[in-house]
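The next block is entry-v6.cif, given as mmCIF, N, CA and C atoms.
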```
data_work
#
loop_
_atom_site.group_PDB
_atom_site.id
_atom_site.type_symbol
_atom_site.label_atom_id
_atom_site.label_comp_id
_atom_site.auth_asym_id
_atom_site.auth_seq_id
_atom_site.Cartn_x
_atom_site.Cartn_y
_atom_site.Cartn_z
ATOM 1 N N MET Y 1 100.395 92.363 102.357
ATOM 2 C CA MET Y 1 101.637 92.367 103.094
ATOM 3 C C MET Y 1 102.637 93.262 102.374
ATOM 4 N N PRO Y 2 103.159 94.298 103.018
ATOM 5 C CA PRO Y 2 104.094 95.185 102.353
ATOM 6 C C PRO Y 2 105.420 94.498 102.085
ATOM 7 N N ARG Y 3 106.017 94.874 100.997
ATOM 8 C CA ARG Y 3 107.311 94.314 100.625
ATOM 9 C C ARG Y 3 108.425 95.159 101.194
ATOM 10 N N SER Y 4 109.517 94.524 101.498
ATOM 11 C CA SER Y 4 110.669 95.272 101.983
ATOM 12 C C SER Y 4 111.798 95.096 100.988
ATOM 13 N N ASP Y 5 112.121 96.162 100.290
ATOM 14 C CA ASP Y 5 113.228 96.097 99.346
ATOM 15 C C ASP Y 5 114.465 96.754 99.947
ATOM 16 N N ALA Y 6 114.373 97.196 101.172
ATOM 17 C CA ALA Y 6 115.471 97.917 101.792
ATOM 18 C C ALA Y 6 116.567 96.949 102.220
ATOM 19 N N LEU Y 7 117.735 97.170 101.689
ATOM 20 C CA LEU Y 7 118.904 96.425 102.101
ATOM 21 C C LEU Y 7 119.671 97.336 103.046
ATOM 22 N N CYS Y 8 119.472 97.145 104.326
ATOM 23 C CA CYS Y 8 120.038 98.076 105.295
ATOM 24 C C CYS Y 8 121.338 97.537 105.863
ATOM 25 N N PHE Y 9 122.356 98.321 105.754
ATOM 26 C CA PHE Y 9 123.644 98.030 106.335
ATOM 27 C C PHE Y 9 124.004 99.187 107.249
ATOM 28 N N PRO Y 10 124.754 98.919 108.307
ATOM 29 C CA PRO Y 10 125.129 100.017 109.206
ATOM 30 C C PRO Y 10 125.767 101.161 108.432
ATOM 31 N N GLY Y 11 125.298 102.367 108.700
ATOM 32 C CA GLY Y 11 125.867 103.551 108.063
ATOM 33 C C GLY Y 11 125.356 103.837 106.672
ATOM 34 N N THR Y 12 124.383 103.072 106.197
ATOM 35 C CA THR Y 12 123.843 103.342 104.861
ATOM 36 C C THR Y 12 122.449 103.898 104.982
ATOM 37 N N GLU Y 13 122.079 104.696 104.027
ATOM 38 C CA GLU Y 13 120.739 105.267 103.981
ATOM 39 C C GLU Y 13 120.048 104.718 102.749
ATOM 40 N N VAL Y 14 118.848 104.252 102.907
ATOM 41 C CA VAL Y 14 118.095 103.710 101.776
ATOM 42 C C VAL Y 14 117.125 104.775 101.301
ATOM 43 N N LEU Y 15 117.290 105.190 100.054
ATOM 44 C CA LEU Y 15 116.397 106.163 99.449
ATOM 45 C C LEU Y 15 115.440 105.420 98.545
ATOM 46 N N GLN Y 16 114.205 105.832 98.547
ATOM 47 C CA GLN Y 16 113.240 105.196 97.673
ATOM 48 C C GLN Y 16 112.842 106.156 96.567
ATOM 49 N N MET Y 17 112.704 105.601 95.367
ATOM 50 C CA MET Y 17 112.240 106.389 94.237
ATOM 51 C C MET Y 17 110.732 106.565 94.371
ATOM 52 N N ALA Y 18 110.259 107.728 94.040
ATOM 53 C CA ALA Y 18 108.813 107.948 94.011
ATOM 54 C C ALA Y 18 108.261 107.329 92.738
ATOM 55 N N PRO Y 19 106.997 106.941 92.763
ATOM 56 C CA PRO Y 19 106.408 106.459 91.515
ATOM 57 C C PRO Y 19 106.490 107.555 90.458
ATOM 58 N N LEU Y 20 106.481 107.170 89.218
ATOM 59 C CA LEU Y 20 106.497 108.172 88.163
ATOM 60 C C LEU Y 20 105.284 109.076 88.297
ATOM 61 N N PRO Y 21 105.427 110.325 87.904
ATOM 62 C CA PRO Y 21 104.256 111.217 87.937
ATOM 63 C C PRO Y 21 103.127 110.634 87.090
ATOM 64 N N GLY Y 22 101.940 110.784 87.577
ATOM 65 C CA GLY Y 22 100.786 110.298 86.830
ATOM 66 C C GLY Y 22 100.226 108.986 87.338
ATOM 67 N N ALA Y 23 100.896 108.330 88.281
ATOM 68 C CA ALA Y 23 100.405 107.035 88.775
ATOM 69 C C ALA Y 23 99.001 107.166 89.342
ATOM 70 N N GLU Y 24 98.741 108.287 90.007
ATOM 71 C CA GLU Y 24 97.424 108.480 90.621
ATOM 72 C C GLU Y 24 96.331 108.717 89.583
ATOM 73 N N LEU Y 25 96.711 109.009 88.347
ATOM 74 C CA LEU Y 25 95.733 109.271 87.293
ATOM 75 C C LEU Y 25 95.348 108.020 86.502
ATOM 76 N N VAL Y 26 96.072 106.938 86.708
ATOM 77 C CA VAL Y 26 95.813 105.713 85.945
ATOM 78 C C VAL Y 26 94.492 105.098 86.399
ATOM 79 N N GLN Y 27 93.531 105.027 85.493
ATOM 80 C CA GLN Y 27 92.219 104.463 85.788
ATOM 81 C C GLN Y 27 91.805 103.358 84.812
ATOM 82 N N ARG Y 28 92.399 103.357 83.623
ATOM 83 C CA ARG Y 28 92.004 102.392 82.597
ATOM 84 C C ARG Y 28 93.199 101.538 82.194
ATOM 85 N N PRO Y 29 92.939 100.348 81.663
ATOM 86 C CA PRO Y 29 94.033 99.449 81.300
ATOM 87 C C PRO Y 29 95.045 100.053 80.313
ATOM 88 N N LEU Y 30 94.587 100.788 79.319
ATOM 89 C CA LEU Y 30 95.531 101.378 78.368
ATOM 90 C C LEU Y 30 96.430 102.405 79.054
ATOM 91 N N GLN Y 31 95.877 103.168 79.987
ATOM 92 C CA GLN Y 31 96.690 104.117 80.751
ATOM 93 C C GLN Y 31 97.735 103.370 81.578
ATOM 94 N N LEU Y 32 97.327 102.258 82.164
ATOM 95 C CA LEU Y 32 98.265 101.445 82.944
ATOM 96 C C LEU Y 32 99.383 100.922 82.053
ATOM 97 N N TYR Y 33 99.022 100.411 80.888
ATOM 98 C CA TYR Y 33 100.012 99.873 79.953
ATOM 99 C C TYR Y 33 101.058 100.931 79.617
ATOM 100 N N ARG Y 34 100.615 102.117 79.264
ATOM 101 C CA ARG Y 34 101.541 103.201 78.925
ATOM 102 C C ARG Y 34 102.399 103.589 80.125
ATOM 103 N N TYR Y 35 101.775 103.661 81.302
ATOM 104 C CA TYR Y 35 102.499 104.011 82.523
ATOM 105 C C TYR Y 35 103.607 102.988 82.803
ATOM 106 N N LEU Y 36 103.264 101.698 82.690
ATOM 107 C CA LEU Y 36 104.250 100.658 82.975
ATOM 108 C C LEU Y 36 105.394 100.674 81.965
ATOM 109 N N LEU Y 37 105.091 100.961 80.710
ATOM 110 C CA LEU Y 37 106.169 101.056 79.720
ATOM 111 C C LEU Y 37 107.073 102.254 80.009
ATOM 112 N N ARG Y 38 106.502 103.359 80.507
ATOM 113 C CA ARG Y 38 107.335 104.497 80.920
ATOM 114 C C ARG Y 38 108.216 104.111 82.104
ATOM 115 N N CYS Y 39 107.671 103.325 83.014
ATOM 116 C CA CYS Y 39 108.472 102.842 84.142
ATOM 117 C C CYS Y 39 109.649 101.997 83.641
ATOM 118 N N CYS Y 40 109.401 101.181 82.639
ATOM 119 C CA CYS Y 40 110.474 100.338 82.092
ATOM 120 C C CYS Y 40 111.630 101.185 81.572
ATOM 121 N N ARG Y 41 111.316 102.349 81.006
ATOM 122 C CA ARG Y 41 112.368 103.229 80.491
ATOM 123 C C ARG Y 41 113.261 103.777 81.591
ATOM 124 N N GLN Y 42 112.798 103.719 82.840
ATOM 125 C CA GLN Y 42 113.591 104.214 83.969
ATOM 126 C C GLN Y 42 114.609 103.186 84.458
ATOM 127 N N LEU Y 43 114.498 101.961 83.995
ATOM 128 C CA LEU Y 43 115.409 100.905 84.425
ATOM 129 C C LEU Y 43 116.778 101.091 83.785
ATOM 130 N N PRO Y 44 117.838 100.635 84.447
ATOM 131 C CA PRO Y 44 119.193 101.023 84.062
ATOM 132 C C PRO Y 44 119.762 100.422 82.773
ATOM 133 N N THR Y 45 119.404 99.204 82.424
ATOM 134 C CA THR Y 45 120.021 98.605 81.233
ATOM 135 C C THR Y 45 118.951 98.156 80.243
ATOM 136 N N LYS Y 46 119.342 98.048 78.998
ATOM 137 C CA LYS Y 46 118.407 97.589 77.954
ATOM 138 C C LYS Y 46 117.890 96.189 78.258
ATOM 139 N N GLY Y 47 118.755 95.337 78.780
ATOM 140 C CA GLY Y 47 118.339 93.972 79.101
ATOM 141 C C GLY Y 47 117.236 93.937 80.140
ATOM 142 N N ILE Y 48 117.400 94.721 81.202
ATOM 143 C CA ILE Y 48 116.378 94.781 82.247
ATOM 144 C C ILE Y 48 115.108 95.420 81.692
ATOM 145 N N GLN Y 49 115.267 96.476 80.910
ATOM 146 C CA GLN Y 49 114.099 97.138 80.308
ATOM 147 C C GLN Y 49 113.311 96.158 79.456
ATOM 148 N N GLU Y 50 113.996 95.406 78.604
ATOM 149 C CA GLU Y 50 113.314 94.457 77.716
ATOM 150 C C GLU Y 50 112.631 93.347 78.514
ATOM 151 N N HIS Y 51 113.281 92.885 79.576
ATOM 152 C CA HIS Y 51 112.687 91.842 80.415
ATOM 153 C C HIS Y 51 111.342 92.306 80.972
ATOM 154 N N TYR Y 52 111.318 93.504 81.552
ATOM 155 C CA TYR Y 52 110.084 93.985 82.156
ATOM 156 C C TYR Y 52 109.054 94.418 81.117
ATOM 157 N N LYS Y 53 109.480 94.916 79.959
ATOM 158 C CA LYS Y 53 108.518 95.219 78.895
ATOM 159 C C LYS Y 53 107.807 93.939 78.458
ATOM 160 N N HIS Y 54 108.579 92.867 78.331
ATOM 161 C CA HIS Y 54 107.994 91.580 77.962
ATOM 162 C C HIS Y 54 106.994 91.128 79.030
ATOM 163 N N ALA Y 55 107.359 91.287 80.304
ATOM 164 C CA ALA Y 55 106.468 90.899 81.398
ATOM 165 C C ALA Y 55 105.173 91.720 81.363
ATOM 166 N N VAL Y 56 105.279 93.019 81.072
ATOM 167 C CA VAL Y 56 104.093 93.884 80.981
ATOM 168 C C VAL Y 56 103.184 93.393 79.857
ATOM 169 N N ARG Y 57 103.769 93.134 78.699
ATOM 170 C CA ARG Y 57 102.966 92.663 77.554
ATOM 171 C C ARG Y 57 102.271 91.342 77.872
ATOM 172 N N GLN Y 58 103.016 90.411 78.478
ATOM 173 C CA GLN Y 58 102.448 89.107 78.813
ATOM 174 C C GLN Y 58 101.290 89.252 79.804
ATOM 175 N N SER Y 59 101.462 90.095 80.786
ATOM 176 C CA SER Y 59 100.410 90.298 81.781
ATOM 177 C C SER Y 59 99.153 90.872 81.130
ATOM 178 N N PHE Y 60 99.339 91.794 80.193
ATOM 179 C CA PHE Y 60 98.165 92.357 79.514
ATOM 180 C C PHE Y 60 97.461 91.304 78.670
ATOM 181 N N ARG Y 61 98.223 90.424 78.054
ATOM 182 C CA ARG Y 61 97.587 89.353 77.285
ATOM 183 C C ARG Y 61 96.784 88.432 78.204
ATOM 184 N N VAL Y 62 97.366 88.094 79.350
ATOM 185 C CA VAL Y 62 96.706 87.191 80.292
ATOM 186 C C VAL Y 62 95.394 87.791 80.809
ATOM 187 N N HIS Y 63 95.384 89.100 81.065
ATOM 188 C CA HIS Y 63 94.210 89.748 81.655
ATOM 189 C C HIS Y 63 93.321 90.452 80.632
ATOM 190 N N SER Y 64 93.555 90.239 79.346
ATOM 191 C CA SER Y 64 92.818 90.979 78.313
ATOM 192 C C SER Y 64 91.317 90.703 78.319
ATOM 193 N N ASP Y 65 90.907 89.560 78.849
ATOM 194 C CA ASP Y 65 89.480 89.243 78.847
ATOM 195 C C ASP Y 65 88.771 89.647 80.140
ATOM 196 N N GLU Y 66 89.478 90.317 81.033
ATOM 197 C CA GLU Y 66 88.878 90.745 82.307
ATOM 198 C C GLU Y 66 87.865 91.848 82.044
ATOM 199 N N ASP Y 67 86.642 91.678 82.542
ATOM 200 C CA ASP Y 67 85.615 92.694 82.317
ATOM 201 C C ASP Y 67 84.964 93.198 83.605
ATOM 202 N N ASN Y 68 85.408 92.701 84.749
ATOM 203 C CA ASN Y 68 84.889 93.139 86.038
ATOM 204 C C ASN Y 68 85.606 94.433 86.450
ATOM 205 N N PRO Y 69 84.901 95.576 86.504
ATOM 206 C CA PRO Y 69 85.545 96.856 86.822
ATOM 207 C C PRO Y 69 86.284 96.861 88.165
ATOM 208 N N GLU Y 70 85.720 96.169 89.158
ATOM 209 C CA GLU Y 70 86.378 96.113 90.465
ATOM 210 C C GLU Y 70 87.702 95.354 90.371
ATOM 211 N N ARG Y 71 87.688 94.248 89.665
ATOM 212 C CA ARG Y 71 88.910 93.447 89.481
ATOM 213 C C ARG Y 71 89.937 94.229 88.666
ATOM 214 N N ILE Y 72 89.502 94.952 87.660
ATOM 215 C CA ILE Y 72 90.420 95.765 86.850
ATOM 216 C C ILE Y 72 91.114 96.797 87.736
ATOM 217 N N GLN Y 73 90.376 97.435 88.642
ATOM 218 C CA GLN Y 73 90.981 98.418 89.543
ATOM 219 C C GLN Y 73 91.970 97.753 90.499
ATOM 220 N N GLN Y 74 91.668 96.540 90.941
ATOM 221 C CA GLN Y 74 92.616 95.799 91.790
ATOM 222 C C GLN Y 74 93.908 95.520 91.032
ATOM 223 N N ILE Y 75 93.776 95.102 89.790
ATOM 224 C CA ILE Y 75 94.947 94.804 88.956
ATOM 225 C C ILE Y 75 95.774 96.062 88.749
ATOM 226 N N ILE Y 76 95.115 97.174 88.459
ATOM 227 C CA ILE Y 76 95.823 98.439 88.242
ATOM 228 C C ILE Y 76 96.581 98.842 89.499
ATOM 229 N N LYS Y 77 95.920 98.784 90.649
ATOM 230 C CA LYS Y 77 96.561 99.161 91.915
ATOM 231 C C LYS Y 77 97.788 98.294 92.184
ATOM 232 N N ARG Y 78 97.632 96.991 92.022
ATOM 233 C CA ARG Y 78 98.739 96.065 92.287
ATOM 234 C C ARG Y 78 99.877 96.263 91.290
ATOM 235 N N ALA Y 79 99.561 96.506 90.036
ATOM 236 C CA ALA Y 79 100.605 96.700 89.020
ATOM 237 C C ALA Y 79 101.434 97.952 89.319
ATOM 238 N N ILE Y 80 100.782 99.016 89.759
ATOM 239 C CA ILE Y 80 101.508 100.243 90.099
ATOM 240 C C ILE Y 80 102.395 100.003 91.324
ATOM 241 N N GLU Y 81 101.865 99.290 92.329
ATOM 242 C CA GLU Y 81 102.668 98.963 93.510
ATOM 243 C C GLU Y 81 103.877 98.110 93.120
ATOM 244 N N ASP Y 82 103.658 97.129 92.250
ATOM 245 C CA ASP Y 82 104.755 96.259 91.813
ATOM 246 C C ASP Y 82 105.817 97.040 91.042
ATOM 247 N N ALA Y 83 105.371 97.940 90.174
ATOM 248 C CA ALA Y 83 106.328 98.748 89.400
ATOM 249 C C ALA Y 83 107.155 99.618 90.334
ATOM 250 N N ASP Y 84 106.516 100.209 91.319
ATOM 251 C CA ASP Y 84 107.218 101.037 92.302
ATOM 252 C C ASP Y 84 108.243 100.191 93.061
ATOM 253 N N TRP Y 85 107.862 98.988 93.460
ATOM 254 C CA TRP Y 85 108.756 98.092 94.186
ATOM 255 C C TRP Y 85 109.970 97.728 93.327
ATOM 256 N N ILE Y 86 109.725 97.422 92.062
ATOM 257 C CA ILE Y 86 110.826 97.051 91.167
ATOM 258 C C ILE Y 86 111.789 98.218 90.981
ATOM 259 N N LEU Y 87 111.255 99.421 90.743
ATOM 260 C CA LEU Y 87 112.125 100.590 90.578
ATOM 261 C C LEU Y 87 112.951 100.837 91.836
ATOM 262 N N ASN Y 88 112.350 100.678 93.003
ATOM 263 C CA ASN Y 88 113.094 100.846 94.253
ATOM 264 C C ASN Y 88 114.143 99.761 94.441
ATOM 265 N N LYS Y 89 113.799 98.532 94.095
ATOM 266 C CA LYS Y 89 114.745 97.419 94.225
ATOM 267 C C LYS Y 89 115.965 97.639 93.337
ATOM 268 N N VAL Y 90 115.722 98.019 92.096
ATOM 269 C CA VAL Y 90 116.827 98.235 91.161
ATOM 270 C C VAL Y 90 117.680 99.416 91.613
ATOM 271 N N SER Y 91 117.041 100.494 92.065
ATOM 272 C CA SER Y 91 117.822 101.656 92.490
ATOM 273 C C SER Y 91 118.635 101.336 93.743
ATOM 274 N N ALA Y 92 118.087 100.502 94.647
ATOM 275 C CA ALA Y 92 118.832 100.105 95.845
ATOM 276 C C ALA Y 92 120.040 99.262 95.461
ATOM 277 N N ARG Y 93 119.872 98.366 94.523
ATOM 278 C CA ARG Y 93 120.992 97.524 94.083
ATOM 279 C C ARG Y 93 122.080 98.352 93.425
ATOM 280 N N LEU Y 94 121.706 99.375 92.701
ATOM 281 C CA LEU Y 94 122.702 100.195 92.020
ATOM 282 C C LEU Y 94 123.546 100.996 93.005
ATOM 283 N N ARG Y 95 123.014 101.238 94.202
ATOM 284 C CA ARG Y 95 123.766 101.986 95.204
ATOM 285 C C ARG Y 95 124.742 101.098 95.970
ATOM 286 N N LEU Y 96 124.627 99.777 95.831
ATOM 287 C CA LEU Y 96 125.515 98.862 96.530
ATOM 288 C C LEU Y 96 126.669 98.477 95.626
ATOM 289 N N PRO Y 97 127.824 98.146 96.199
ATOM 290 C CA PRO Y 97 128.945 97.690 95.358
ATOM 291 C C PRO Y 97 128.603 96.360 94.685
ATOM 292 N N PRO Y 98 129.096 96.130 93.453
ATOM 293 C CA PRO Y 98 128.754 94.912 92.702
ATOM 294 C C PRO Y 98 129.043 93.631 93.465
ATOM 295 N N ALA Y 99 130.036 93.590 94.338
ATOM 296 C CA ALA Y 99 130.354 92.368 95.070
ATOM 297 C C ALA Y 99 129.215 91.914 95.977
ATOM 298 N N SER Y 100 128.329 92.829 96.365
ATOM 299 C CA SER Y 100 127.234 92.484 97.268
ATOM 300 C C SER Y 100 125.961 92.104 96.517
ATOM 301 N N TRP Y 101 125.989 92.045 95.204
ATOM 302 C CA TRP Y 101 124.789 91.811 94.411
ATOM 303 C C TRP Y 101 124.264 90.398 94.481
ATOM 304 N N GLY Y 102 125.025 89.432 94.795
ATOM 305 C CA GLY Y 102 124.605 88.045 94.972
ATOM 306 C C GLY Y 102 123.415 87.652 94.330
#
```
Using structure tokens, write down the structure from this file.
Amino acid sequence: MPRSDALCFPGTEVLQMAPLPGAELVQRPLQLYRYLLRCCRQLPTKGIQEHYKHAVRQSFRVHSDEDNPERIQQIIKRAIEDADWILNKVSARLRLPPASWG
């Protein structure tokens, strides 16, 4: 099910950030880890960056014993989609006035 991060208000245009370059090249868990940490650097504040870096590390610990290649590819695909969604969500929020952040 696709996620909708678009907060549409009359007269506003929602722009989406493209995934970081190299997302299509991620095939192995270490490549994914590095890619996700680069994505974290794109987030606006140190607090948000640290939150998501911690989440990336925790997820890698949880899945460290995964040895099924098909499942690993599913995890990689979903992680890249999630990172893209988060970057778009944060960028959409930054374009709105703080009073609407609720």
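Atom CA of Y:Lys77 sits 9.4 Å away from atom N of Y:Val26.
Atom CA of Y:Gln27 is positioned 7.2 Å from atom CA of Y:Gln73.
Within 8 Å of the point (103.9, 96.2, 80.5) in file coordinates, and counting all atoms listed in the file, lie the residues Leu32, Tyr33, Arg34, Tyr35, Leu36, Leu37, Arg38, Cys40, Tyr52, Lys53, His54, Ala55, Val56, Arg57, Gln58, Ser59 and Phe60 of chain Y.
The interatomic distance for the pair atom N of Y:Leu30 and atom CA of Y:Ser91 works out to 26.7 Å.
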Could you tell me which residues the PyMOL selection byres ((chain Y and resi 87) around 8) returns for this structure, as a PyMOL selection string?
chain Y and resi 16-18+39+42-43+81-86+88-93
Box dimensions and centre (Å, one decimal) enclosing stretch 30-35 of chain Y, axis-aligned, 5 Å extra per side, as JSON:
```
{"center_x": 99.1, "center_y": 102.0, "center_z": 80.7, "size_x": 19.0, "size_y": 14.2, "size_z": 14.6}
```
Please return stretch 26-36 of chain Y, rebuilt to all heavy atoms, as a CSV table (one decimal), in the frame of the given file.
```
chain,number,residue,atom,x,y,z
Y,26,VAL,N,96.1,106.9,86.7
Y,26,VAL,CA,95.8,105.7,85.9
Y,26,VAL,C,94.5,105.1,86.4
Y,26,VAL,O,94.3,104.7,87.6
Y,26,VAL,CB,97.0,104.7,86.1
Y,26,VAL,CG1,96.6,103.4,85.5
Y,26,VAL,CG2,98.3,105.3,85.6
Y,27,GLN,N,93.5,105.0,85.5
Y,27,GLN,CA,92.2,104.5,85.8
Y,27,GLN,C,91.8,103.4,84.8
Y,27,GLN,O,91.0,102.5,85.1
Y,27,GLN,CB,91.1,105.6,85.7
Y,27,GLN,CG,91.3,106.6,86.8
Y,27,GLN,CD,91.2,106.0,88.2
Y,27,GLN,OE1,90.3,105.2,88.5
Y,27,GLN,NE2,92.1,106.4,89.1
Y,28,ARG,N,92.4,103.4,83.6
Y,28,ARG,CA,92.0,102.4,82.6
Y,28,ARG,C,93.2,101.5,82.2
Y,28,ARG,O,94.3,102.0,82.3
Y,28,ARG,CB,91.5,103.1,81.4
Y,28,ARG,CG,90.1,103.8,81.7
Y,28,ARG,CD,89.6,104.6,80.5
Y,28,ARG,NE,90.5,105.7,80.2
Y,28,ARG,CZ,90.7,106.2,79.0
Y,28,ARG,NH1,90.1,105.7,78.0
Y,28,ARG,NH2,91.5,107.2,78.9
Y,29,PRO,N,92.9,100.3,81.7
Y,29,PRO,CA,94.0,99.4,81.3
Y,29,PRO,C,95.0,100.1,80.3
Y,29,PRO,O,96.3,99.9,80.5
Y,29,PRO,CB,93.3,98.2,80.7
Y,29,PRO,CG,92.0,98.2,81.4
Y,29,PRO,CD,91.6,99.7,81.6
Y,30,LEU,N,94.6,100.8,79.3
Y,30,LEU,CA,95.5,101.4,78.4
Y,30,LEU,C,96.4,102.4,79.1
Y,30,LEU,O,97.6,102.5,78.8
Y,30,LEU,CB,94.8,102.0,77.2
Y,30,LEU,CG,95.7,102.6,76.1
Y,30,LEU,CD1,96.6,101.5,75.5
Y,30,LEU,CD2,94.8,103.2,75.0
Y,31,GLN,N,95.9,103.2,80.0
Y,31,GLN,CA,96.7,104.1,80.8
Y,31,GLN,C,97.7,103.4,81.6
Y,31,GLN,O,98.9,103.8,81.7
Y,31,GLN,CB,95.8,105.0,81.7
Y,31,GLN,CG,94.9,105.9,81.0
Y,31,GLN,CD,93.9,106.5,81.9
Y,31,GLN,OE1,93.4,105.9,82.9
Y,31,GLN,NE2,93.5,107.8,81.6
Y,32,LEU,N,97.3,102.3,82.2
Y,32,LEU,CA,98.3,101.4,82.9
Y,32,LEU,C,99.4,100.9,82.1
Y,32,LEU,O,100.6,101.0,82.4
Y,32,LEU,CB,97.5,100.3,83.6
Y,32,LEU,CG,98.4,99.3,84.4
Y,32,LEU,CD1,99.1,100.0,85.6
Y,32,LEU,CD2,97.6,98.1,84.8
Y,33,TYR,N,99.0,100.4,80.9
Y,33,TYR,CA,100.0,99.9,80.0
Y,33,TYR,C,101.1,100.9,79.6
Y,33,TYR,O,102.3,100.7,79.7
Y,33,TYR,CB,99.3,99.4,78.7
Y,33,TYR,CG,100.2,98.7,77.7
Y,33,TYR,CD1,100.6,97.4,77.9
Y,33,TYR,CD2,100.6,99.3,76.5
Y,33,TYR,CE1,101.4,96.7,77.0
Y,33,TYR,CE2,101.4,98.7,75.6
Y,33,TYR,CZ,101.8,97.4,75.9
Y,33,TYR,OH,102.6,96.7,75.0
Y,34,ARG,N,100.6,102.1,79.3
Y,34,ARG,CA,101.5,103.2,78.9
Y,34,ARG,C,102.4,103.6,80.1
Y,34,ARG,O,103.6,103.8,80.0
Y,34,ARG,CB,100.8,104.4,78.4
Y,34,ARG,CG,100.2,104.2,77.1
Y,34,ARG,CD,99.3,105.4,76.6
Y,34,ARG,NE,98.8,105.2,75.3
Y,34,ARG,CZ,97.8,105.8,74.8
Y,34,ARG,NH1,97.2,106.8,75.5
Y,34,ARG,NH2,97.3,105.6,73.6
Y,35,TYR,N,101.8,103.7,81.3
Y,35,TYR,CA,102.5,104.0,82.5
Y,35,TYR,C,103.6,103.0,82.8
Y,35,TYR,O,104.7,103.3,83.1
Y,35,TYR,CB,101.5,104.1,83.7
Y,35,TYR,CG,102.2,104.3,85.0
Y,35,TYR,CD1,102.6,105.6,85.4
Y,35,TYR,CD2,102.5,103.2,85.9
Y,35,TYR,CE1,103.3,105.8,86.6
Y,35,TYR,CE2,103.1,103.4,87.1
Y,35,TYR,CZ,103.5,104.7,87.4
Y,35,TYR,OH,104.2,104.9,88.6
Y,36,LEU,N,103.3,101.7,82.7
Y,36,LEU,CA,104.2,100.7,83.0
Y,36,LEU,C,105.4,100.7,82.0
Y,36,LEU,O,106.6,100.4,82.3
Y,36,LEU,CB,103.6,99.3,83.0
Y,36,LEU,CG,102.6,99.1,84.2
Y,36,LEU,CD1,101.9,97.8,84.1
Y,36,LEU,CD2,103.3,99.3,85.5
```
